[in-house]
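Below: data28.pdb (PDB, C-alpha atoms, pLDDT in the B column)
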ATOM      1  CA  ALA A   1     -15.728-140.978-113.944  1.00 72.00           C
ATOM      2  CA  GLN A   2     -15.163-142.941-110.784  1.00 80.00           C
ATOM      3  CA  SER A   3     -13.253-141.417-107.868  1.00 90.00           C
ATOM      4  CA  VAL A   4     -12.106-142.520-104.424  1.00 95.00           C
ATOM      5  CA  SER A   5     -11.833-140.391-101.287  1.00 95.00           C
ATOM      6  CA  GLN A   6      -9.756-141.185 -98.244  1.00 96.00           C
ATOM      7  CA  HIS A   7     -10.405-138.523 -95.662  1.00 87.00           C
ATOM      8  CA  ASN A   8      -7.740-139.500 -93.135  1.00 89.00           C
ATOM      9  CA  HIS A   9      -4.394-138.432 -94.534  1.00 93.00           C
ATOM     10  CA  HIS A  10      -2.268-139.202 -91.490  1.00 96.00           C
ATOM     11  CA  VAL A  11      -3.247-141.320 -88.503  1.00 97.00           C
ATOM     12  CA  ILE A  12      -1.119-141.853 -85.406  1.00 97.00           C
ATOM     13  CA  LEU A  13      -2.050-144.638 -82.989  1.00 97.00           C
ATOM     14  CA  SER A  14      -0.491-146.437 -80.081  1.00 97.00           C
ATOM     15  CA  GLU A  15      -0.005-150.181 -80.227  1.00 96.00           C
ATOM     16  CA  ALA A  16      -3.155-152.166 -79.350  1.00 96.00           C
ATOM     17  CA  ALA A  17      -5.438-149.296 -80.354  1.00 97.00           C
ATOM     18  CA  SER A  18      -8.248-150.014 -82.782  1.00 97.00           C
ATOM     19  CA  LEU A  19      -8.057-148.760 -86.344  1.00 97.00           C
ATOM     20  CA  GLU A  20     -10.663-147.597 -88.810  1.00 97.00           C
ATOM     21  CA  LEU A  21      -9.693-145.915 -92.078  1.00 97.00           C
ATOM     22  CA  GLY A  22     -12.401-144.361 -94.185  1.00 96.00           C
ATOM     23  CA  CYS A  23     -12.893-144.890 -97.915  1.00 97.00           C
ATOM     24  CA  ASN A  24     -15.724-143.562-100.043  1.00 96.00           C
ATOM     25  CA  TYR A  25     -16.139-143.939-103.766  1.00 95.00           C
ATOM     26  CA  SER A  26     -18.294-142.298-106.359  1.00 92.00           C
ATOM     27  CA  TYR A  27     -19.724-144.583-108.986  1.00 85.00           C
ATOM     28  CA  GLY A  28     -23.326-145.580-109.464  1.00 77.00           C
ATOM     29  CA  GLY A  29     -22.844-149.068-110.857  1.00 83.00           C
ATOM     30  CA  THR A  30     -21.351-152.327-109.691  1.00 86.00           C
ATOM     31  CA  VAL A  31     -17.820-152.008-108.360  1.00 89.00           C
ATOM     32  CA  ASN A  32     -14.979-154.125-107.096  1.00 91.00           C
ATOM     33  CA  LEU A  33     -13.191-152.720-104.053  1.00 94.00           C
ATOM     34  CA  PHE A  34      -9.650-153.150-102.789  1.00 95.00           C
ATOM     35  CA  TRP A  35      -7.283-152.090-100.044  1.00 97.00           C
ATOM     36  CA  TYR A  36      -3.589-152.062-100.849  1.00 96.00           C
ATOM     37  CA  VAL A  37      -0.773-151.474 -98.353  1.00 96.00           C
ATOM     38  CA  GLN A  38       2.709-150.092 -98.893  1.00 95.00           C
ATOM     39  CA  TYR A  39       5.156-150.796 -96.083  1.00 94.00           C
ATOM     40  CA  PRO A  40       8.222-148.530 -95.852  1.00 91.00           C
ATOM     41  CA  GLY A  41      10.609-149.333 -98.678  1.00 87.00           C
ATOM     42  CA  GLN A  42       8.357-151.995-100.166  1.00 90.00           C
ATOM     43  CA  HIS A  43       6.002-152.189-103.121  1.00 91.00           C
ATOM     44  CA  LEU A  44       2.215-152.027-103.073  1.00 94.00           C
ATOM     45  CA  GLN A  45       0.631-155.244-101.854  1.00 93.00           C
ATOM     46  CA  LEU A  46      -2.965-156.390-101.817  1.00 93.00           C
ATOM     47  CA  LEU A  47      -4.475-156.382 -98.322  1.00 96.00           C
ATOM     48  CA  LEU A  48      -8.005-157.466 -99.175  1.00 95.00           C
ATOM     49  CA  LYS A  49     -10.668-157.259-101.861  1.00 93.00           C
ATOM     50  CA  TYR A  50     -14.430-157.306-102.279  1.00 93.00           C
ATOM     51  CA  PHE A  51     -16.181-158.498-105.429  1.00 90.00           C
ATOM     52  CA  SER A  52     -19.564-159.756-104.235  1.00 88.00           C
ATOM     53  CA  GLY A  53     -21.265-161.710-101.472  1.00 91.00           C
ATOM     54  CA  ASP A  54     -20.645-161.140 -97.768  1.00 94.00           C
ATOM     55  CA  PRO A  55     -19.982-157.402 -97.377  1.00 94.00           C
ATOM     56  CA  LEU A  56     -17.565-158.064 -94.525  1.00 96.00           C
ATOM     57  CA  VAL A  57     -14.299-159.277 -95.992  1.00 96.00           C
ATOM     58  CA  LYS A  58     -11.221-160.446 -94.165  1.00 95.00           C
ATOM     59  CA  GLY A  59      -7.713-159.914 -95.389  1.00 94.00           C
ATOM     60  CA  ILE A  60      -4.193-160.636 -94.312  1.00 92.00           C
ATOM     61  CA  LYS A  61      -2.682-159.702 -90.939  1.00 94.00           C
ATOM     62  CA  GLY A  62      -6.011-159.390 -89.143  1.00 95.00           C
ATOM     63  CA  PHE A  63      -7.447-156.624 -91.326  1.00 97.00           C
ATOM     64  CA  GLU A  64     -11.064-156.559 -92.414  1.00 97.00           C
ATOM     65  CA  ALA A  65     -13.257-154.185 -94.400  1.00 98.00           C
ATOM     66  CA  GLU A  66     -16.978-153.655 -94.666  1.00 96.00           C
ATOM     67  CA  PHE A  67     -18.737-152.692 -97.881  1.00 95.00           C
ATOM     68  CA  ILE A  68     -21.792-150.514 -97.228  1.00 95.00           C
ATOM     69  CA  LYS A  69     -23.441-149.988-100.588  1.00 92.00           C
ATOM     70  CA  SER A  70     -25.897-147.339 -99.391  1.00 92.00           C
ATOM     71  CA  LYS A  71     -23.010-145.214 -98.122  1.00 94.00           C
ATOM     72  CA  PHE A  72     -20.634-145.940-101.027  1.00 94.00           C
ATOM     73  CA  SER A  73     -18.077-146.863 -98.384  1.00 96.00           C
ATOM     74  CA  PHE A  74     -15.471-149.545 -97.853  1.00 97.00           C
ATOM     75  CA  ASN A  75     -13.810-148.805 -94.517  1.00 97.00           C
ATOM     76  CA  LEU A  76     -10.773-150.725 -93.314  1.00 97.00           C
ATOM     77  CA  ARG A  77     -10.601-151.941 -89.718  1.00 97.00           C
ATOM     78  CA  LYS A  78      -8.296-153.745 -87.352  1.00 97.00           C
ATOM     79  CA  PRO A  79      -9.152-154.353 -83.686  1.00 97.00           C
ATOM     80  CA  SER A  80      -5.610-154.012 -82.356  1.00 97.00           C
ATOM     81  CA  VAL A  81      -2.760-152.497 -84.367  1.00 97.00           C
ATOM     82  CA  GLN A  82       0.894-153.408 -84.068  1.00 97.00           C
ATOM     83  CA  TRP A  83       4.003-151.355 -84.689  1.00 96.00           C
ATOM     84  CA  SER A  84       4.556-153.438 -87.844  1.00 96.00           C
ATOM     85  CA  ASP A  85       1.310-152.042 -89.303  1.00 97.00           C
ATOM     86  CA  THR A  86       3.060-148.718 -89.873  1.00 97.00           C
ATOM     87  CA  ALA A  87       2.546-148.165 -93.594  1.00 97.00           C
ATOM     88  CA  GLU A  88       0.547-146.274 -96.174  1.00 97.00           C
ATOM     89  CA  TYR A  89      -2.879-147.658 -97.002  1.00 98.00           C
ATOM     90  CA  PHE A  90      -4.653-147.117-100.312  1.00 97.00           C
ATOM     91  CA  CYS A  91      -8.277-147.760-101.145  1.00 97.00           C
ATOM     92  CA  ALA A  92      -8.999-148.566-104.807  1.00 96.00           C
ATOM     93  CA  VAL A  93     -11.997-149.318-106.979  1.00 93.00           C
ATOM     94  CA  ASN A  94     -12.743-150.541-110.447  1.00 89.00           C
ATOM     95  CA  ALA A  95     -16.093-150.540-112.133  1.00 82.00           C
ATOM     96  CA  ALA A  96     -17.376-153.886-113.289  1.00 68.00           C
ATOM     97  CA  GLY A  97     -16.119-154.434-116.796  1.00 72.00           C
ATOM     98  CA  ARG A  98     -13.214-152.030-116.358  1.00 75.00           C
ATOM     99  CA  ARG A  99     -10.037-153.675-115.141  1.00 80.00           C
ATOM    100  CA  ALA A 100      -7.886-150.659-114.270  1.00 88.00           C
ATOM    101  CA  LEU A 101      -7.964-149.432-110.665  1.00 92.00           C
ATOM    102  CA  THR A 102      -8.684-145.913-109.462  1.00 93.00           C
ATOM    103  CA  PHE A 103      -6.858-145.173-106.207  1.00 95.00           C
ATOM    104  CA  GLY A 104      -7.524-142.843-103.329  1.00 96.00           C
ATOM    105  CA  SER A 105      -4.830-140.483-102.099  1.00 96.00           C
ATOM    106  CA  GLY A 106      -3.766-142.825 -99.305  1.00 96.00           C
ATOM    107  CA  THR A 107      -3.626-142.753 -95.503  1.00 97.00           C
ATOM    108  CA  ARG A 108      -0.318-142.817 -93.723  1.00 97.00           C
ATOM    109  CA  LEU A 109      -0.599-144.874 -90.526  1.00 97.00           C
ATOM    110  CA  GLN A 110       2.013-144.469 -87.844  1.00 97.00           C
ATOM    111  CA  VAL A 111       1.861-146.883 -84.916  1.00 97.00           C
ATOM    112  CA  GLN A 112       3.843-145.884 -81.869  1.00 95.00           C
ATOM    113  CA  PRO A 113       5.243-148.626 -79.606  1.00 89.00           C
TER     114      PRO A 113
ATOM    115  CA  GLU B   1       6.399-167.007-109.119  1.00 62.00           C
ATOM    116  CA  ALA B   2       8.676-164.122-109.961  1.00 75.00           C
ATOM    117  CA  GLY B   3       7.203-160.690-109.405  1.00 91.00           C
ATOM    118  CA  VAL B   4       6.982-157.635-111.645  1.00 96.00           C
ATOM    119  CA  ALA B   5      10.476-156.380-112.448  1.00 96.00           C
ATOM    120  CA  GLN B   6      11.227-152.712-113.020  1.00 97.00           C
ATOM    121  CA  SER B   7      14.383-150.773-113.801  1.00 97.00           C
ATOM    122  CA  PRO B   8      16.026-148.512-113.029  1.00 97.00           C
ATOM    123  CA  ARG B   9      14.961-148.122-109.412  1.00 96.00           C
ATOM    124  CA  TYR B  10      16.191-144.536-109.242  1.00 97.00           C
ATOM    125  CA  LYS B  11      16.905-141.903-111.863  1.00 98.00           C
ATOM    126  CA  ILE B  12      17.899-138.260-111.548  1.00 98.00           C
ATOM    127  CA  ILE B  13      17.820-136.060-114.636  1.00 97.00           C
ATOM    128  CA  GLU B  14      17.614-132.394-115.472  1.00 97.00           C
ATOM    129  CA  LYS B  15      14.516-130.853-116.996  1.00 96.00           C
ATOM    130  CA  ARG B  16      14.257-131.191-120.756  1.00 97.00           C
ATOM    131  CA  GLN B  17      16.274-134.412-120.698  1.00 97.00           C
ATOM    132  CA  SER B  18      14.757-137.763-121.607  1.00 97.00           C
ATOM    133  CA  VAL B  19      14.368-140.940-119.559  1.00 98.00           C
ATOM    134  CA  ALA B  20      13.072-144.447-120.126  1.00 98.00           C
ATOM    135  CA  PHE B  21      11.722-147.011-117.696  1.00 98.00           C
ATOM    136  CA  TRP B  22      11.447-150.727-118.304  1.00 97.00           C
ATOM    137  CA  CYS B  23       8.970-153.257-116.935  1.00 97.00           C
ATOM    138  CA  ASN B  24       8.835-157.037-117.180  1.00 96.00           C
ATOM    139  CA  PRO B  25       5.469-158.357-115.946  1.00 95.00           C
ATOM    140  CA  ILE B  26       4.675-161.679-114.367  1.00 93.00           C
ATOM    141  CA  SER B  27       4.941-164.422-116.961  1.00 91.00           C
ATOM    142  CA  GLY B  28       1.647-165.031-118.721  1.00 88.00           C
ATOM    143  CA  HIS B  29      -0.018-161.828-117.542  1.00 91.00           C
ATOM    144  CA  ALA B  30      -1.728-160.310-120.554  1.00 90.00           C
ATOM    145  CA  THR B  31      -2.593-156.941-119.004  1.00 93.00           C
ATOM    146  CA  LEU B  32       0.065-154.398-118.079  1.00 95.00           C
ATOM    147  CA  TYR B  33      -0.358-150.979-116.504  1.00 96.00           C
ATOM    148  CA  TRP B  34       1.822-147.941-115.923  1.00 98.00           C
ATOM    149  CA  TYR B  35       0.856-145.727-113.001  1.00 98.00           C
ATOM    150  CA  GLN B  36       2.373-142.435-111.843  1.00 98.00           C
ATOM    151  CA  GLN B  37       2.565-141.826-108.093  1.00 96.00           C
ATOM    152  CA  ILE B  38       3.458-138.283-107.064  1.00 95.00           C
ATOM    153  CA  LEU B  39       4.599-137.846-103.463  1.00 91.00           C
ATOM    154  CA  GLY B  40       1.594-137.642-101.138  1.00 88.00           C
ATOM    155  CA  GLN B  41      -0.865-138.878-103.733  1.00 91.00           C
ATOM    156  CA  GLY B  42      -2.289-142.188-104.818  1.00 94.00           C
ATOM    157  CA  PRO B  43      -1.205-143.919-108.011  1.00 96.00           C
ATOM    158  CA  LYS B  44      -2.726-142.461-111.182  1.00 96.00           C
ATOM    159  CA  LEU B  45      -3.208-144.589-114.283  1.00 96.00           C
ATOM    160  CA  LEU B  46      -1.142-143.526-117.278  1.00 97.00           C
ATOM    161  CA  ILE B  47      -1.710-146.386-119.710  1.00 97.00           C
ATOM    162  CA  GLN B  48      -3.151-149.888-119.882  1.00 95.00           C
ATOM    163  CA  PHE B  49      -2.050-152.573-122.355  1.00 94.00           C
ATOM    164  CA  GLN B  50      -3.796-155.814-123.228  1.00 91.00           C
ATOM    165  CA  ASN B  51      -1.110-157.968-124.845  1.00 90.00           C
ATOM    166  CA  ASN B  52       0.545-155.472-127.220  1.00 87.00           C
ATOM    167  CA  GLY B  53      -2.511-153.263-127.740  1.00 92.00           C
ATOM    168  CA  VAL B  54      -3.420-150.077-125.881  1.00 94.00           C
ATOM    169  CA  VAL B  55      -6.707-150.305-123.964  1.00 93.00           C
ATOM    170  CA  ASP B  56      -6.654-146.932-122.223  1.00 93.00           C
ATOM    171  CA  ASP B  57      -4.188-144.068-122.592  1.00 95.00           C
ATOM    172  CA  SER B  58      -6.608-141.237-121.896  1.00 93.00           C
ATOM    173  CA  GLN B  59      -4.520-139.874-119.012  1.00 93.00           C
ATOM    174  CA  LEU B  60      -1.141-140.167-120.697  1.00 96.00           C
ATOM    175  CA  PRO B  61       0.377-136.736-121.532  1.00 95.00           C
ATOM    176  CA  LYS B  62       1.091-137.712-125.102  1.00 95.00           C
ATOM    177  CA  ASP B  63       3.081-134.593-125.910  1.00 95.00           C
ATOM    178  CA  ARG B  64       5.903-135.906-123.734  1.00 97.00           C
ATOM    179  CA  PHE B  65       5.094-139.441-122.601  1.00 98.00           C
ATOM    180  CA  SER B  66       5.104-142.554-124.744  1.00 97.00           C
ATOM    181  CA  ALA B  67       4.850-146.232-123.955  1.00 97.00           C
ATOM    182  CA  GLU B  68       5.094-149.433-125.924  1.00 96.00           C
ATOM    183  CA  ARG B  69       4.720-153.157-125.425  1.00 94.00           C
ATOM    184  CA  LEU B  70       5.786-154.441-128.802  1.00 81.00           C
ATOM    185  CA  LYS B  71       5.834-158.191-128.196  1.00 87.00           C
ATOM    186  CA  GLY B  72       3.108-158.286-125.588  1.00 84.00           C
ATOM    187  CA  VAL B  73       5.554-159.022-122.781  1.00 92.00           C
ATOM    188  CA  ASP B  74       7.847-156.316-121.423  1.00 95.00           C
ATOM    189  CA  SER B  75       7.110-152.630-121.746  1.00 97.00           C
ATOM    190  CA  THR B  76       8.956-149.310-121.883  1.00 97.00           C
ATOM    191  CA  LEU B  77       7.704-145.923-120.702  1.00 98.00           C
ATOM    192  CA  LYS B  78       9.536-142.882-122.035  1.00 98.00           C
ATOM    193  CA  ILE B  79       9.424-139.231-121.053  1.00 98.00           C
ATOM    194  CA  GLN B  80      10.856-136.654-123.442  1.00 97.00           C
ATOM    195  CA  PRO B  81      11.386-133.856-122.564  1.00 96.00           C
ATOM    196  CA  ALA B  82      10.988-134.163-118.791  1.00 97.00           C
ATOM    197  CA  LYS B  83       9.467-131.403-116.672  1.00 97.00           C
ATOM    198  CA  LEU B  84       9.893-130.732-112.970  1.00 97.00           C
ATOM    199  CA  GLU B  85       6.355-131.953-112.307  1.00 96.00           C
ATOM    200  CA  ASP B  86       7.227-135.375-113.716  1.00 97.00           C
ATOM    201  CA  SER B  87       9.130-136.137-110.503  1.00 98.00           C
ATOM    202  CA  ALA B  88       7.306-139.203-109.204  1.00 97.00           C
ATOM    203  CA  VAL B  89       7.462-142.947-108.793  1.00 97.00           C
ATOM    204  CA  TYR B  90       6.478-144.807-111.944  1.00 98.00           C
ATOM    205  CA  LEU B  91       4.774-148.068-111.076  1.00 98.00           C
ATOM    206  CA  CYS B  92       4.262-150.992-113.365  1.00 97.00           C
ATOM    207  CA  ALA B  93       1.586-153.574-112.593  1.00 96.00           C
ATOM    208  CA  SER B  94       0.418-156.706-114.337  1.00 94.00           C
ATOM    209  CA  GLN B  95      -2.769-158.713-114.221  1.00 90.00           C
ATOM    210  CA  ASP B  96      -3.806-162.156-115.341  1.00 81.00           C
ATOM    211  CA  ILE B  97      -6.521-161.955-117.978  1.00 72.00           C
ATOM    212  CA  SER B  98      -8.652-164.335-115.967  1.00 71.00           C
ATOM    213  CA  GLY B  99      -7.761-161.892-113.353  1.00 58.00           C
ATOM    214  CA  ALA B 100      -9.809-161.796-110.322  1.00 66.00           C
ATOM    215  CA  ASN B 101      -9.085-158.133-111.025  1.00 71.00           C
ATOM    216  CA  VAL B 102      -6.012-158.254-108.821  1.00 85.00           C
ATOM    217  CA  LEU B 103      -3.049-156.147-109.899  1.00 90.00           C
ATOM    218  CA  THR B 104       0.469-157.116-108.857  1.00 93.00           C
ATOM    219  CA  PHE B 105       2.832-154.176-108.631  1.00 95.00           C
ATOM    220  CA  GLY B 106       6.548-153.814-109.134  1.00 96.00           C
ATOM    221  CA  ALA B 107       8.803-151.875-106.789  1.00 95.00           C
ATOM    222  CA  GLY B 108       8.630-148.768-108.963  1.00 96.00           C
ATOM    223  CA  SER B 109      11.105-146.409-110.592  1.00 97.00           C
ATOM    224  CA  ARG B 110      11.670-143.176-108.716  1.00 97.00           C
ATOM    225  CA  LEU B 111      12.331-140.207-111.002  1.00 98.00           C
ATOM    226  CA  THR B 112      13.715-136.890-109.789  1.00 98.00           C
ATOM    227  CA  VAL B 113      13.756-134.031-112.295  1.00 97.00           C
ATOM    228  CA  LEU B 114      16.021-131.113-111.335  1.00 96.00           C
TER     229      LEU B 114
END
Hey, can you dump this file as structure tokens for me?
Amino acid sequence: AQSVSQHNHHVILSEAASLELGCNYSYGGTVNLFWYVQYPGQHLQLLLKYFSGDPLVKGIKGFEAEFIKSKFSFNLRKPSVQWSDTAEYFCAVNAAGRRALTFGSGTRLQVQP
Amino acid sequence: EAGVAQSPRYKIIEKRQSVAFWCNPISGHATLYWYQQILGQGPKLLIQFQNNGVVDDSQLPKDRFSAERLKGVDSTLKIQPAKLEDSAVYLCASQDISGANVLTFGAGSRLTVL
């Protein structure tokens, strides 16, 4: 069965700091990879996704993620965070041919002004 | 387009009582999911429907949970009887069959079992 690990449970940064959130998955076959974000009081929203092609994908609000197949990783990055990035971030994966997503446990990001 | 609608947003019940949650997916989305999100954890799949058929219910605690999507549109998730550990947010998501594999989530129904 596929699984997703997010090792950073709670991250606190100051505005303008750089962000990198780790995500590793366990599945030997072809996968699709996603980052979802949940802002306080709001529902889960898609931040970015990777299906194939360029392993560096860009999403909304200046976020990007890099798929490194050899490391089974899909880390999320942002060069300079803003207070409005305070949210919970979830990495998710589905195996090719399986449409349901498996989520990691999430990383709570707190950006201090 | 309208999003995924869920109700009620909040529900408080005592253990051993029953509760039902309703979901109306995005129009035309053939695939519907129910996820359970316990505080501090990521969403966990409970059941997946394709139109009105069940695709995957392997993680649904069938002794107390049931779900249906009779007409292939809206869906109901029921818990009977509820246990303390069922306290969670129940998320509904829908997906276009052509899907780019992107799930669109509703706001969720927060259940507290006392």
_Option closest in space to Leu21 (chain A), from A:Arg108, A:Lys58, A:Arg98, A:His43 [counting all atoms listed in the file]_ = A:Arg108
_Residues near Gly53 (chain B), anyone? I mean within 12 Å using all atoms listed in the file, not counting same-chain ones fewer than 6 positions away, as a PyMOL selection string._
chain B and resi 30-33+47+67-73+75
So that I have them on file, write out the residues from the current selection with C-alpha atoms, as a PDB file, in the frame of the given file.
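To be explicit, this is the file written out as again20.pdb:
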ATOM      1  CA  ALA B  30      -1.728-160.310-120.554  1.00 90.00           C
ATOM      2  CA  THR B  31      -2.593-156.941-119.004  1.00 93.00           C
ATOM      3  CA  LEU B  32       0.065-154.398-118.079  1.00 95.00           C
ATOM      4  CA  TYR B  33      -0.358-150.979-116.504  1.00 96.00           C
ATOM      5  CA  ILE B  47      -1.710-146.386-119.710  1.00 97.00           C
ATOM      6  CA  ALA B  67       4.850-146.232-123.955  1.00 97.00           C
ATOM      7  CA  GLU B  68       5.094-149.433-125.924  1.00 96.00           C
ATOM      8  CA  ARG B  69       4.720-153.157-125.425  1.00 94.00           C
ATOM      9  CA  LEU B  70       5.786-154.441-128.802  1.00 81.00           C
ATOM     10  CA  LYS B  71       5.834-158.191-128.196  1.00 87.00           C
ATOM     11  CA  GLY B  72       3.108-158.286-125.588  1.00 84.00           C
ATOM     12  CA  VAL B  73       5.554-159.022-122.781  1.00 92.00           C
ATOM     13  CA  SER B  75       7.110-152.630-121.746  1.00 97.00           C
TER      14      SER B  75
END
_Sel. within 12 Å of pt (11.7, -150.0, -97.3), counting all atoms listed in the file, output as a ChimeraX atom specification_ = /A:38-44,86-88 /B:107
*Using the chain letters and numbers from the file, give me the residues hit by the ChimeraX specification (/B :<12) & /A, as JSON, numbers by chain.*
{"A": [3, 4, 5, 6, 9, 10, 31, 32, 33, 34, 35, 36, 37, 38, 39, 40, 41, 42, 43, 44, 45, 46, 47, 48, 49, 50, 51, 52, 88, 89, 90, 91, 92, 93, 94, 95, 96, 97, 98, 99, 100, 101, 102, 103, 104, 105, 106, 107, 108]}
On this structure, which residues satisfy the PyMOL selection byres ((chain A and resi 81) around 7), written as a PDB file with C-alpha atoms, in the frame of the given file?
ATOM      1  CA  GLU A  15      -0.005-150.181 -80.227  1.00 96.00           C
ATOM      2  CA  ALA A  16      -3.155-152.166 -79.350  1.00 96.00           C
ATOM      3  CA  ALA A  17      -5.438-149.296 -80.354  1.00 97.00           C
ATOM      4  CA  SER A  18      -8.248-150.014 -82.782  1.00 97.00           C
ATOM      5  CA  LEU A  19      -8.057-148.760 -86.344  1.00 97.00           C
ATOM      6  CA  LYS A  78      -8.296-153.745 -87.352  1.00 97.00           C
ATOM      7  CA  PRO A  79      -9.152-154.353 -83.686  1.00 97.00           C
ATOM      8  CA  SER A  80      -5.610-154.012 -82.356  1.00 97.00           C
ATOM      9  CA  GLN A  82       0.894-153.408 -84.068  1.00 97.00           C
ATOM     10  CA  TRP A  83       4.003-151.355 -84.689  1.00 96.00           C
ATOM     11  CA  ASP A  85       1.310-152.042 -89.303  1.00 97.00           C
TER      12      ASP A  85
END
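Across the structure, CA of Gln110 (chain A) and CA of Asn8 (chain A) are spaced 12.2 Å apart.
Among A:Gln2, A:Ser70, A:Gln112, A:Asn75, the residue with the shortest atom-to-atom distance to Leu56 (chain A), counting only C-alpha atoms, is A:Asn75.
When the PyMOL selection byres ((chain B and resi 84) around 12) is evaluated against the file, it yields B:Ile12, B:Ile13, B:Glu14, B:Lys15, B:Arg16, B:Gln17, B:Ile38, B:Ile79, B:Pro81, B:Ala82, B:Lys83, B:Glu85, B:Asp86, B:Ser87, B:Ala88, B:Leu111, B:Thr112, B:Val113, B:Leu114.
Across the structure, CA of Asn51 (chain B) and CA of Cys92 (chain B) are spaced 14.5 Å apart.
CA of Asn24 (chain A) sits 18.8 Å away from CA of Gly59 (chain A).
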Padding 5 Å on each side, edges along x, y and z: where is the centre of the box around the listed atoms of region 67-70 of chain B, and how long are its edges in Å to one decimal? Output it as JSON.
{"center_x": 5.3, "center_y": -150.3, "center_z": -126.4, "size_x": 11.1, "size_y": 18.2, "size_z": 14.8}
